[in-house]
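Chemist: Sharing input_4.cif below, mmCIF, C-alpha atoms:
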```cif
data_work
#
loop_
_atom_site.group_PDB
_atom_site.id
_atom_site.type_symbol
_atom_site.label_atom_id
_atom_site.label_comp_id
_atom_site.auth_asym_id
_atom_site.auth_seq_id
_atom_site.Cartn_x
_atom_site.Cartn_y
_atom_site.Cartn_z
ATOM 1 C CA MET A 92 26.356 -1.706 37.537
ATOM 2 C CA THR A 93 27.092 -4.869 35.640
ATOM 3 C CA LEU A 94 27.875 -4.844 31.968
ATOM 4 C CA PRO A 95 24.646 -6.376 30.658
ATOM 5 C CA ALA A 96 22.744 -3.663 32.506
ATOM 6 C CA ILE A 97 24.747 -0.994 30.698
ATOM 7 C CA ALA A 98 24.148 -2.663 27.362
ATOM 8 C CA ASP A 99 20.437 -2.711 28.136
ATOM 9 C CA TRP A 100 20.468 0.951 29.150
ATOM 10 C CA THR A 101 22.298 1.892 25.960
ATOM 11 C CA SER A 102 19.979 -0.086 23.740
ATOM 12 C CA GLN A 103 16.908 1.486 25.328
ATOM 13 C CA LEU A 104 18.372 4.944 24.923
ATOM 14 C CA ARG A 105 19.285 4.220 21.325
ATOM 15 C CA ARG A 106 15.822 2.907 20.542
ATOM 16 C CA GLY A 107 14.258 6.162 21.603
ATOM 17 C CA VAL A 108 16.765 8.342 19.812
ATOM 18 C CA LEU A 109 16.729 6.243 16.661
ATOM 19 C CA GLU A 110 13.247 7.405 15.750
ATOM 20 C CA LEU A 111 14.414 11.015 15.955
ATOM 21 C CA CYS A 112 17.472 10.237 13.821
ATOM 22 C CA ILE A 113 15.478 8.506 11.097
ATOM 23 C CA LEU A 114 13.077 11.438 10.893
ATOM 24 C CA GLN A 115 16.062 13.802 10.722
ATOM 25 C CA LEU A 116 17.714 11.778 7.960
ATOM 26 C CA LEU A 117 14.545 12.086 5.920
ATOM 27 C CA ARG A 118 13.959 15.753 6.709
ATOM 28 C CA ARG A 119 14.928 16.967 3.240
ATOM 29 C CA ASP A 120 15.238 14.037 0.890
ATOM 30 C CA PRO A 121 13.437 10.720 0.665
ATOM 31 C CA SER A 122 15.622 7.670 1.049
ATOM 32 C CA TYR A 123 15.343 3.882 0.752
ATOM 33 C CA GLY A 124 15.902 1.198 3.359
ATOM 34 C CA TYR A 125 19.443 0.173 2.480
ATOM 35 C CA GLU A 126 20.657 3.776 2.308
ATOM 36 C CA ILE A 127 19.009 4.637 5.634
ATOM 37 C CA VAL A 128 20.607 1.604 7.267
ATOM 38 C CA THR A 129 24.094 2.380 5.933
ATOM 39 C CA ARG A 130 23.842 6.033 6.944
ATOM 40 C CA LEU A 131 22.804 5.061 10.453
ATOM 41 C CA GLU A 132 25.625 2.530 10.605
ATOM 42 C CA ALA A 133 28.070 5.358 9.980
ATOM 43 C CA LEU A 134 26.866 7.121 13.131
ATOM 44 C CA GLY A 135 29.014 5.156 15.547
ATOM 45 C CA PRO A 136 27.374 4.843 18.936
ATOM 46 C CA LEU A 137 23.972 5.146 17.356
ATOM 47 C CA ALA A 138 24.650 2.308 14.984
ATOM 48 C CA ALA A 139 21.598 0.143 15.118
ATOM 49 C CA GLY A 140 21.355 -3.154 13.339
ATOM 50 C CA GLU A 141 19.088 -3.753 10.385
ATOM 51 C CA ASN A 142 16.874 -5.824 12.640
ATOM 52 C CA THR A 143 16.094 -2.662 14.621
ATOM 53 C CA VAL A 144 15.902 -0.165 11.785
ATOM 54 C CA TYR A 145 13.616 -2.042 9.391
ATOM 55 C CA PRO A 146 10.925 -2.836 11.972
ATOM 56 C CA LEU A 147 11.096 0.788 13.146
ATOM 57 C CA LEU A 148 10.654 2.062 9.588
ATOM 58 C CA ARG A 149 7.646 -0.195 9.312
ATOM 59 C CA ARG A 150 6.112 1.186 12.488
ATOM 60 C CA LEU A 151 6.723 4.793 11.431
ATOM 61 C CA LYS A 152 4.908 3.931 8.225
ATOM 62 C CA THR A 153 1.922 2.366 9.994
ATOM 63 C CA GLU A 154 1.787 5.463 12.194
ATOM 64 C CA ARG A 155 1.672 7.538 9.004
ATOM 65 C CA LEU A 156 4.746 9.510 9.977
ATOM 66 C CA LEU A 157 6.376 8.184 6.832
ATOM 67 C CA ASP A 158 4.943 7.114 3.548
ATOM 68 C CA THR A 159 6.543 5.189 0.732
ATOM 69 C CA PHE A 160 6.809 5.287 -3.020
ATOM 70 C CA MET A 161 8.618 3.097 -5.515
ATOM 71 C CA GLN A 162 11.376 4.347 -7.744
ATOM 72 C CA GLU A 163 13.534 2.592 -10.304
ATOM 73 C CA SER A 164 17.126 2.036 -9.292
ATOM 74 C CA PRO A 165 20.009 2.263 -11.780
ATOM 75 C CA ALA A 166 20.647 -1.425 -11.214
ATOM 76 C CA GLY A 167 18.593 -4.079 -9.515
ATOM 77 C CA PRO A 168 14.967 -4.067 -8.360
ATOM 78 C CA PRO A 169 12.956 -0.852 -7.828
ATOM 79 C CA ARG A 170 13.598 0.830 -4.489
ATOM 80 C CA GLN A 171 10.989 1.603 -1.876
ATOM 81 C CA TYR A 172 11.638 5.183 -0.799
ATOM 82 C CA TYR A 173 10.508 6.597 2.526
ATOM 83 C CA ARG A 174 9.593 10.237 2.970
ATOM 84 C CA LEU A 175 8.200 12.359 5.791
ATOM 85 C CA THR A 176 4.471 13.016 5.850
ATOM 86 C CA ALA A 177 3.029 16.224 7.304
ATOM 87 C CA ASP A 178 2.497 14.283 10.538
ATOM 88 C CA GLY A 179 6.098 13.134 10.376
ATOM 89 C CA LYS A 180 7.330 16.710 10.078
ATOM 90 C CA ARG A 181 5.256 17.705 13.087
ATOM 91 C CA ARG A 182 6.595 14.738 15.045
ATOM 92 C CA LEU A 183 10.144 15.689 14.107
ATOM 93 C CA THR A 184 9.662 19.223 15.422
ATOM 94 C CA THR A 185 8.211 17.897 18.675
ATOM 95 C CA LEU A 186 10.946 15.309 19.170
ATOM 96 C CA GLU A 187 13.638 17.885 18.508
ATOM 97 C CA LYS A 188 12.200 20.125 21.200
ATOM 98 C CA GLU A 189 11.989 17.197 23.609
ATOM 99 C CA TRP A 190 15.548 16.248 22.801
ATOM 100 C CA ASP A 191 16.872 19.774 23.380
ATOM 101 C CA ALA A 192 15.052 19.970 26.697
ATOM 102 C CA MET A 193 16.471 16.597 27.680
ATOM 103 C CA VAL A 194 20.045 17.501 26.768
ATOM 104 C CA ASN A 195 19.750 20.775 28.650
ATOM 105 C CA ALA A 196 18.407 19.043 31.713
ATOM 106 C CA VAL A 197 21.227 16.498 31.685
ATOM 107 C CA ALA A 198 23.774 19.300 31.314
ATOM 108 C CA ARG A 199 22.210 21.194 34.229
ATOM 109 C CA ALA A 200 22.177 18.064 36.383
ATOM 110 C CA THR A 201 25.845 17.553 35.578
ATOM 111 C CA ARG A 202 26.645 21.145 36.587
ATOM 112 C CA ILE A 203 24.747 20.777 39.842
ATOM 113 C CA GLY A 204 26.642 17.555 40.524
ATOM 114 C CA VAL A 205 29.968 19.221 39.795
ATOM 115 C CA GLU A 206 29.303 22.343 41.851
ATOM 116 C CA SER A 207 27.974 20.740 45.008
ATOM 117 C CA MET B 121 16.698 -12.352 -8.478
ATOM 118 C CA THR B 122 18.607 -12.761 -5.245
ATOM 119 C CA ASP B 123 16.168 -15.524 -4.269
ATOM 120 C CA ALA B 124 18.092 -17.645 -6.721
ATOM 121 C CA HIS B 125 20.624 -17.996 -3.945
ATOM 122 C CA PRO B 126 19.484 -20.896 -1.745
ATOM 123 C CA LEU B 127 20.585 -19.180 1.477
ATOM 124 C CA VAL B 128 18.543 -16.092 0.640
ATOM 125 C CA ALA B 129 15.485 -18.134 -0.329
ATOM 126 C CA ARG B 130 15.705 -20.044 2.953
ATOM 127 C CA TYR B 131 16.167 -16.844 4.984
ATOM 128 C CA LEU B 132 13.175 -15.143 3.386
ATOM 129 C CA ALA B 133 11.021 -18.248 3.842
ATOM 130 C CA ARG B 134 11.902 -18.337 7.543
ATOM 131 C CA LEU B 135 11.189 -14.626 7.879
ATOM 132 C CA ASP B 136 7.832 -15.089 6.184
ATOM 133 C CA ALA B 137 7.027 -17.961 8.535
ATOM 134 C CA GLY B 138 7.935 -15.817 11.535
ATOM 135 C CA LEU B 139 5.556 -13.095 10.403
ATOM 136 C CA GLN B 140 2.498 -15.366 10.205
ATOM 137 C CA ALA B 141 0.534 -13.091 12.517
ATOM 138 C CA LEU B 142 0.727 -10.182 10.079
ATOM 139 C CA PRO B 143 -1.901 -9.770 7.362
ATOM 140 C CA ALA B 144 -0.674 -11.292 4.111
ATOM 141 C CA PRO B 145 -0.160 -7.999 2.197
ATOM 142 C CA ASP B 146 1.919 -6.578 5.069
ATOM 143 C CA ARG B 147 3.948 -9.744 5.235
ATOM 144 C CA ALA B 148 4.665 -9.569 1.521
ATOM 145 C CA GLU B 149 5.779 -5.940 1.865
ATOM 146 C CA VAL B 150 8.105 -6.740 4.737
ATOM 147 C CA VAL B 151 9.635 -9.719 2.965
ATOM 148 C CA GLY B 152 10.000 -7.612 -0.191
ATOM 149 C CA GLU B 153 11.817 -4.906 1.740
ATOM 150 C CA ILE B 154 14.302 -7.374 3.215
ATOM 151 C CA ARG B 155 14.733 -9.024 -0.195
ATOM 152 C CA ASN B 156 15.604 -5.594 -1.630
ATOM 153 C CA HIS B 157 18.016 -4.945 1.207
ATOM 154 C CA ILE B 158 19.851 -8.170 0.460
ATOM 155 C CA ALA B 159 19.931 -7.329 -3.249
ATOM 156 C CA GLU B 160 21.319 -3.831 -2.589
ATOM 157 C CA ALA B 161 23.925 -5.074 -0.138
ATOM 158 C CA THR B 162 25.156 -7.917 -2.350
ATOM 159 C CA SER B 163 25.251 -5.723 -5.449
ATOM 160 C CA SER B 164 27.465 -3.302 -3.533
ATOM 161 C CA GLY B 165 29.941 -6.122 -3.284
ATOM 162 C CA GLN B 166 29.276 -7.840 0.049
ATOM 163 C CA PRO B 167 29.118 -11.632 0.077
ATOM 164 C CA VAL B 168 25.670 -13.102 0.716
ATOM 165 C CA ASP B 169 26.563 -14.882 3.939
ATOM 166 C CA LYS B 170 27.938 -11.663 5.425
ATOM 167 C CA VAL B 171 24.813 -9.744 4.471
ATOM 168 C CA LEU B 172 22.614 -12.373 6.085
ATOM 169 C CA ALA B 173 24.774 -12.486 9.208
ATOM 170 C CA SER B 174 24.465 -8.718 9.562
ATOM 171 C CA LEU B 175 20.672 -8.986 9.336
ATOM 172 C CA GLY B 176 20.638 -11.357 12.275
ATOM 173 C CA SER B 177 18.560 -14.508 12.332
ATOM 174 C CA ALA B 178 15.273 -14.478 10.453
ATOM 175 C CA GLU B 179 13.489 -15.322 13.704
ATOM 176 C CA ASP B 180 15.050 -12.331 15.490
ATOM 177 C CA LEU B 181 14.105 -10.042 12.642
ATOM 178 C CA ALA B 182 10.528 -11.327 12.670
ATOM 179 C CA ARG B 183 10.478 -10.808 16.435
ATOM 180 C CA GLY B 184 11.730 -7.254 15.889
ATOM 181 C CA TYR B 185 8.732 -6.574 13.675
ATOM 182 C CA ALA B 186 6.405 -8.234 16.160
ATOM 183 C CA VAL B 187 7.714 -6.114 19.034
ATOM 184 C CA GLU B 188 7.641 -2.857 17.074
ATOM 185 C CA LEU B 189 4.134 -3.408 15.743
ATOM 186 C CA LEU B 190 2.789 -4.924 18.932
ATOM 187 C CA LEU B 191 4.192 -2.477 21.476
ATOM 188 C CA ASN B 192 3.356 0.537 19.435
ATOM 189 C CA ARG B 193 0.032 -0.422 17.992
ATOM 190 C CA PRO B 194 -2.235 2.627 17.812
ATOM 191 C CA PRO B 195 -4.667 2.282 20.736
ATOM 192 C CA ALA B 196 -7.744 2.536 18.540
ATOM 193 C CA VAL B 197 -6.801 -0.678 16.777
ATOM 194 C CA SER B 198 -6.609 -2.860 19.871
ATOM 195 C CA PRO B 199 -8.547 -6.088 19.421
ATOM 196 C CA GLY B 200 -12.144 -6.911 20.396
ATOM 197 C CA MET B 201 -14.312 -3.990 21.341
ATOM 198 C CA SER B 202 -12.420 -1.320 19.498
ATOM 199 C CA ARG B 203 -13.675 -2.165 16.035
ATOM 200 C CA VAL B 204 -17.269 -2.123 17.278
ATOM 201 C CA ARG B 205 -16.627 1.082 19.168
ATOM 202 C CA ARG B 206 -15.101 2.716 16.166
ATOM 203 C CA PHE B 207 -18.082 1.680 14.070
ATOM 204 C CA LEU B 208 -20.503 3.116 16.643
ATOM 205 C CA ALA B 209 -18.486 6.307 16.912
ATOM 206 C CA LEU B 210 -18.503 6.743 13.166
ATOM 207 C CA THR B 211 -22.213 5.945 12.889
ATOM 208 C CA GLY B 212 -22.947 8.405 15.680
ATOM 209 C CA LEU B 213 -20.855 11.071 14.059
ATOM 210 C CA ILE B 214 -22.613 10.600 10.749
ATOM 211 C CA ALA B 215 -26.062 10.597 12.395
ATOM 212 C CA ILE B 216 -25.401 13.686 14.488
ATOM 213 C CA GLY B 217 -23.391 15.456 11.867
ATOM 214 C CA SER B 218 -25.220 14.746 8.666
ATOM 215 C CA ILE B 219 -28.369 16.870 9.086
ATOM 216 C CA PRO B 220 -26.593 19.996 10.350
ATOM 217 C CA THR B 221 -23.895 19.432 7.766
ATOM 218 C CA PHE B 222 -26.493 19.236 5.042
ATOM 219 C CA VAL B 223 -28.213 22.407 6.274
ATOM 220 C CA VAL B 224 -24.944 24.290 6.705
ATOM 221 C CA ILE B 225 -23.674 23.320 3.279
ATOM 222 C CA VAL B 226 -26.939 24.174 1.551
ATOM 223 C CA VAL B 227 -27.476 27.458 3.424
ATOM 224 C CA LEU B 228 -23.898 28.693 3.297
ATOM 225 C CA GLY B 229 -23.488 27.540 -0.279
ATOM 226 C CA ALA B 230 -26.712 29.229 -1.377
ATOM 227 C CA ILE B 231 -25.876 32.446 0.473
ATOM 228 C CA GLY B 232 -22.370 32.440 -0.900
ATOM 229 C CA VAL B 233 -23.261 31.890 -4.523
ATOM 230 C CA SER B 234 -26.363 34.079 -4.614
ATOM 231 C CA PHE B 235 -24.783 36.991 -2.724
ATOM 232 C CA ILE B 236 -21.767 36.995 -4.980
ATOM 233 C CA ALA B 237 -23.954 36.868 -8.084
ATOM 234 C CA ALA B 238 -26.389 39.501 -6.785
ATOM 235 C CA GLY B 239 -23.578 41.735 -5.540
ATOM 236 C CA LEU B 240 -21.933 41.587 -8.925
ATOM 237 C CA ALA B 241 -25.230 42.361 -10.673
ATOM 238 C CA VAL B 242 -25.967 45.328 -8.390
ATOM 239 C CA PHE B 243 -22.456 46.648 -8.865
ATOM 240 C CA VAL B 244 -22.682 46.370 -12.649
ATOM 241 C CA ALA B 245 -26.165 47.956 -12.603
ATOM 242 C CA GLY B 246 -24.793 50.813 -10.506
ATOM 243 C CA ILE B 247 -21.980 51.433 -12.960
ATOM 244 C CA ALA B 248 -24.334 51.165 -15.896
ATOM 245 C CA ALA B 249 -26.750 53.594 -14.272
ATOM 246 C CA SER B 250 -24.078 56.130 -13.456
ATOM 247 C CA ALA B 251 -22.776 55.951 -17.001
ATOM 248 C CA GLU B 252 -26.370 56.177 -18.229
ATOM 249 C CA TRP B 253 -26.082 52.989 -20.268
ATOM 250 C CA LEU B 254 -29.339 51.628 -18.919
ATOM 251 C CA PRO B 255 -32.102 51.370 -21.493
ATOM 252 C CA GLY B 256 -35.057 53.668 -20.908
ATOM 253 C CA TYR B 257 -37.462 51.011 -19.625
ATOM 254 C CA VAL B 258 -35.181 50.146 -16.669
ATOM 255 C CA THR B 259 -35.537 52.311 -13.603
ATOM 256 C CA MET B 260 -33.455 52.170 -10.454
ATOM 257 C CA ASP B 261 -34.897 53.126 -7.099
ATOM 258 C CA VAL B 262 -31.554 53.987 -5.576
ATOM 259 C CA GLU B 263 -28.793 56.333 -6.474
ATOM 260 C CA PRO B 264 -26.143 54.656 -8.658
ATOM 261 C CA TRP B 265 -23.387 55.221 -6.068
ATOM 262 C CA VAL B 266 -25.433 53.348 -3.471
ATOM 263 C CA ALA B 267 -25.593 50.365 -5.815
ATOM 264 C CA ILE B 268 -21.867 50.610 -6.555
ATOM 265 C CA LEU B 269 -21.198 50.601 -2.802
ATOM 266 C CA ILE B 270 -23.687 47.886 -1.839
ATOM 267 C CA GLY B 271 -22.696 45.500 -4.656
ATOM 268 C CA PRO B 272 -19.167 44.772 -3.389
ATOM 269 C CA ILE B 273 -20.443 44.519 0.208
ATOM 270 C CA MET B 274 -22.921 41.827 -0.852
ATOM 271 C CA GLY B 275 -20.186 40.110 -2.811
ATOM 272 C CA MET B 276 -17.931 40.106 0.239
ATOM 273 C CA LEU B 277 -20.714 38.655 2.395
ATOM 274 C CA GLY B 278 -21.097 35.887 -0.180
ATOM 275 C CA GLY B 279 -17.375 35.291 -0.189
ATOM 276 C CA ALA B 280 -17.323 35.139 3.601
ATOM 277 C CA ALA B 281 -20.104 32.537 3.507
ATOM 278 C CA LEU B 282 -18.093 30.386 1.095
ATOM 279 C CA VAL B 283 -14.978 30.730 3.255
ATOM 280 C CA GLY B 284 -17.060 29.655 6.252
ATOM 281 C CA LEU B 285 -18.373 26.709 4.268
ATOM 282 C CA VAL B 286 -14.869 25.534 3.394
ATOM 283 C CA ALA B 287 -13.771 25.909 7.025
ATOM 284 C CA TYR B 288 -16.751 23.884 8.173
ATOM 285 C CA VAL B 289 -16.117 21.086 5.686
ATOM 286 C CA ARG B 290 -12.457 20.957 6.766
ATOM 287 C CA PHE B 291 -13.519 20.780 10.393
ATOM 288 C CA MET B 292 -15.909 17.908 9.713
ATOM 289 C CA ALA B 293 -13.281 16.075 7.681
ATOM 290 C CA ARG B 294 -10.894 16.341 10.632
ATOM 291 C CA LEU B 295 -13.510 14.932 12.972
ATOM 292 C CA VAL B 296 -14.157 11.987 10.690
ATOM 293 C CA ARG B 297 -10.451 11.352 10.305
ATOM 294 C CA ARG B 298 -10.055 11.293 14.065
ATOM 295 C CA VAL B 299 -12.620 8.525 14.331
ATOM 296 C CA VAL B 300 -11.263 6.474 11.440
ATOM 297 C CA PRO B 301 -7.501 6.847 11.728
ATOM 298 C CA LYS B 302 -4.819 4.372 10.769
ATOM 299 C CA PHE B 303 -7.109 1.746 9.445
ATOM 300 C CA ARG B 304 -4.946 0.396 6.698
ATOM 301 C CA GLY B 305 -3.130 -2.865 6.620
ATOM 302 C CA SER B 306 -1.200 -2.163 9.766
ATOM 303 C CA GLU B 307 -3.400 -4.150 12.078
ATOM 304 C CA VAL B 308 -1.975 -7.213 13.655
ATOM 305 C CA PRO B 309 -5.020 -9.017 14.998
ATOM 306 C CA GLY B 310 -4.263 -11.497 17.725
ATOM 307 C CA PHE B 311 -0.579 -10.800 17.398
ATOM 308 C CA THR B 312 1.396 -12.600 20.051
ATOM 309 C CA ALA B 313 5.081 -12.184 20.526
ATOM 310 C CA PRO B 314 6.932 -15.361 19.726
#
```
Could you write out this structure as structure tokens?
Modeler:
Amino acid sequence: MTLPAIADWTSQLRRGVLELCILQLLRRDPSYGYEIVTRLEALGPLAAGENTVYPLLRRLKTERLLDTFMQESPAGPPRQYYRLTADGKRRLTTLEKEWDAMVNAVARATRIGVES
Amino acid sequence: MTDAHPLVARYLARLDAGLQALPAPDRAEVVGEIRNHIAEATSSGQPVDKVLASLGSAEDLARGYAVELLLNRPPAVSPGMSRVRRFLALTGLIAIGSIPTFVVIVVLGAIGVSFIAAGLAVFVAGIAASAEWLPGYVTMDVEPWVAILIGPIMGMLGGAALVGLVAYVRFMARLVRRVVPKFRGSEVPGFTAP
């Protein structure tokens, strides 16, 4: 496998997982774009650029998984907060199940590969 | 305002230009969000050029939005036929649903309200009769305990009818929502990836 192919594989994987991570970040408390971006940046391998996160937030909003409200910030312009909708909570539960199943399957495949 | 900075103003103008295919209100929201991001990042101490570099080029960012909103557009909002189809589906739903809905609401509502009221009245009459509070000119054809028993039963029937009515209205609301989902601002008619 050449390097660009790996980069492509990683970015595709990240794209899928990113949605799950954003929903998880917002599970309890609403948050605004800049905070979401910086928190995701702290997650190392998951780190996705702003130019991935902001469009994704927008899509999650148009899919009504998130909705937004404005809130004053201590300094600077009012912040647009994102929070989970009921649909978003349902999606989060589903994605978490999918993710667990996926991780388990990968672990099993690894075991099979090791044992044989 | 961060727009005061010429680099920021230029970046946002290029982003706006790249988002031409979005409806104007959506475009304004997107540009506003990125403007806020730049304001937050610079006020936390990062220099403007670094913040902009981290965002990537305005064209790339616009393309990111295009890809996200184009690839993942809800199927019902696809161009052409779909709007007509949705209209027909909604019209059909209203036509088929409205007469039964009217009947169900009127019948269940009437049963609910009248049974609760009548049940209450019978119950009270039963109590009054058993306590011999009824004035002399009122006669009851049944034993007071029968009235005391039947009153709550009628009331419960009325309550059940109202519960059924609420369930029905919820069901219809869900149907309507399924036909008219996601119809707000998020459409990107004729959107083509740059």
Chemist: Which neighbours of stretch 170-174 of chain A fall inside 7 Å, counting only C-alpha atoms, when residues of the same chain fewer than 3 positions from it are skipped, and could you give them as a JSON list (two decimals) with C-alpha atoms, keeping the file's coordinate frame?
Modeler:
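File produced: part-v2.json:
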```
[["chain", "number", "residue", "atom", "x", "y", "z"],
["A", 117, "LEU", "CA", 14.54, 12.09, 5.92],
["A", 121, "PRO", "CA", 13.44, 10.72, 0.66],
["A", 122, "SER", "CA", 15.62, 7.67, 1.05],
["A", 123, "TYR", "CA", 15.34, 3.88, 0.75],
["A", 157, "LEU", "CA", 6.38, 8.18, 6.83],
["A", 158, "ASP", "CA", 4.94, 7.11, 3.55],
["A", 159, "THR", "CA", 6.54, 5.19, 0.73],
["A", 160, "PHE", "CA", 6.81, 5.29, -3.02],
["A", 161, "MET", "CA", 8.62, 3.10, -5.52],
["A", 162, "GLN", "CA", 11.38, 4.35, -7.74],
["A", 163, "GLU", "CA", 13.53, 2.59, -10.30],
["A", 164, "SER", "CA", 17.13, 2.04, -9.29]]
```
Chemist: Give me the residues within 7 Å of stretch 131-138 of chain B as a CSV table (one decimal) with C-alpha atoms, in the coordinates of the input, counting all atoms listed in the file and dropping any in the same chain fewer than 5 places off.
Modeler:
```csv
chain,number,residue,atom,x,y,z
B,147,ARG,CA,3.9,-9.7,5.2
B,151,VAL,CA,9.6,-9.7,3.0
B,178,ALA,CA,15.3,-14.5,10.5
B,179,GLU,CA,13.5,-15.3,13.7
B,182,ALA,CA,10.5,-11.3,12.7
```
Chemist: Residues near A:Leu137, anyone? I mean within 10 Å using all atoms listed in the file, not counting same-chain ones fewer than 6 positions away, as a list in words.
Modeler: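 With the cut-off at 10 Å, the set is Thr101, Ser102, Leu104, Arg105, Arg106, Val108, Leu109, Cys112 and Leu131 of chain A.
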Chemist: Write out, as CSV, each residue of chain B that has an atom at most 7 Å from chain A, together with the closest pair of atoms and their distance in Å to one decimal, counting only C-alpha atoms, rows going by chain and rising number.
Modeler:
```
residue,atom,partner,partner_atom,distance
B:Asn156,CA,A:Pro168,CA,6.9
B:His157,CA,A:Tyr125,CA,5.5
B:Glu160,CA,A:Tyr125,CA,6.7
B:Leu175,CA,A:Glu141,CA,5.6
B:Gly176,CA,A:Asn142,CA,6.7
B:Leu181,CA,A:Asn142,CA,5.0
B:Gly184,CA,A:Pro146,CA,6.0
B:Tyr185,CA,A:Pro146,CA,4.7
B:Glu188,CA,A:Pro146,CA,6.1
B:Leu189,CA,A:Arg150,CA,6.0
B:Lys302,CA,A:Glu154,CA,6.8
B:Ser306,CA,A:Thr153,CA,5.5
```
Chemist: Write the selection just made, keeping C-alpha atoms, as a PDB file, in the frame of the given file?
Modeler:
```
ATOM      1  CA  ASN B 156      15.604  -5.594  -1.630  1.00  0.00           C
ATOM      2  CA  HIS B 157      18.016  -4.945   1.207  1.00  0.00           C
ATOM      3  CA  GLU B 160      21.319  -3.831  -2.589  1.00  0.00           C
ATOM      4  CA  LEU B 175      20.672  -8.986   9.336  1.00  0.00           C
ATOM      5  CA  GLY B 176      20.638 -11.357  12.275  1.00  0.00           C
ATOM      6  CA  LEU B 181      14.105 -10.042  12.642  1.00  0.00           C
ATOM      7  CA  GLY B 184      11.730  -7.254  15.889  1.00  0.00           C
ATOM      8  CA  TYR B 185       8.732  -6.574  13.675  1.00  0.00           C
ATOM      9  CA  GLU B 188       7.641  -2.857  17.074  1.00  0.00           C
ATOM     10  CA  LEU B 189       4.134  -3.408  15.743  1.00  0.00           C
ATOM     11  CA  LYS B 302      -4.819   4.372  10.769  1.00  0.00           C
ATOM     12  CA  SER B 306      -1.200  -2.163   9.766  1.00  0.00           C
TER      13      SER B 306
END
```
Chemist: May I have the residues within 9 Å of B:Val299 as a list in words, using all atoms listed in the file and disregarding those fewer than 3 positions away in the same chain?
Modeler: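 What passes the distance filter is Ala196, Arg206, Phe207, Ala209, Leu210, Leu213, Arg294, Leu295 and Val296 of chain B.
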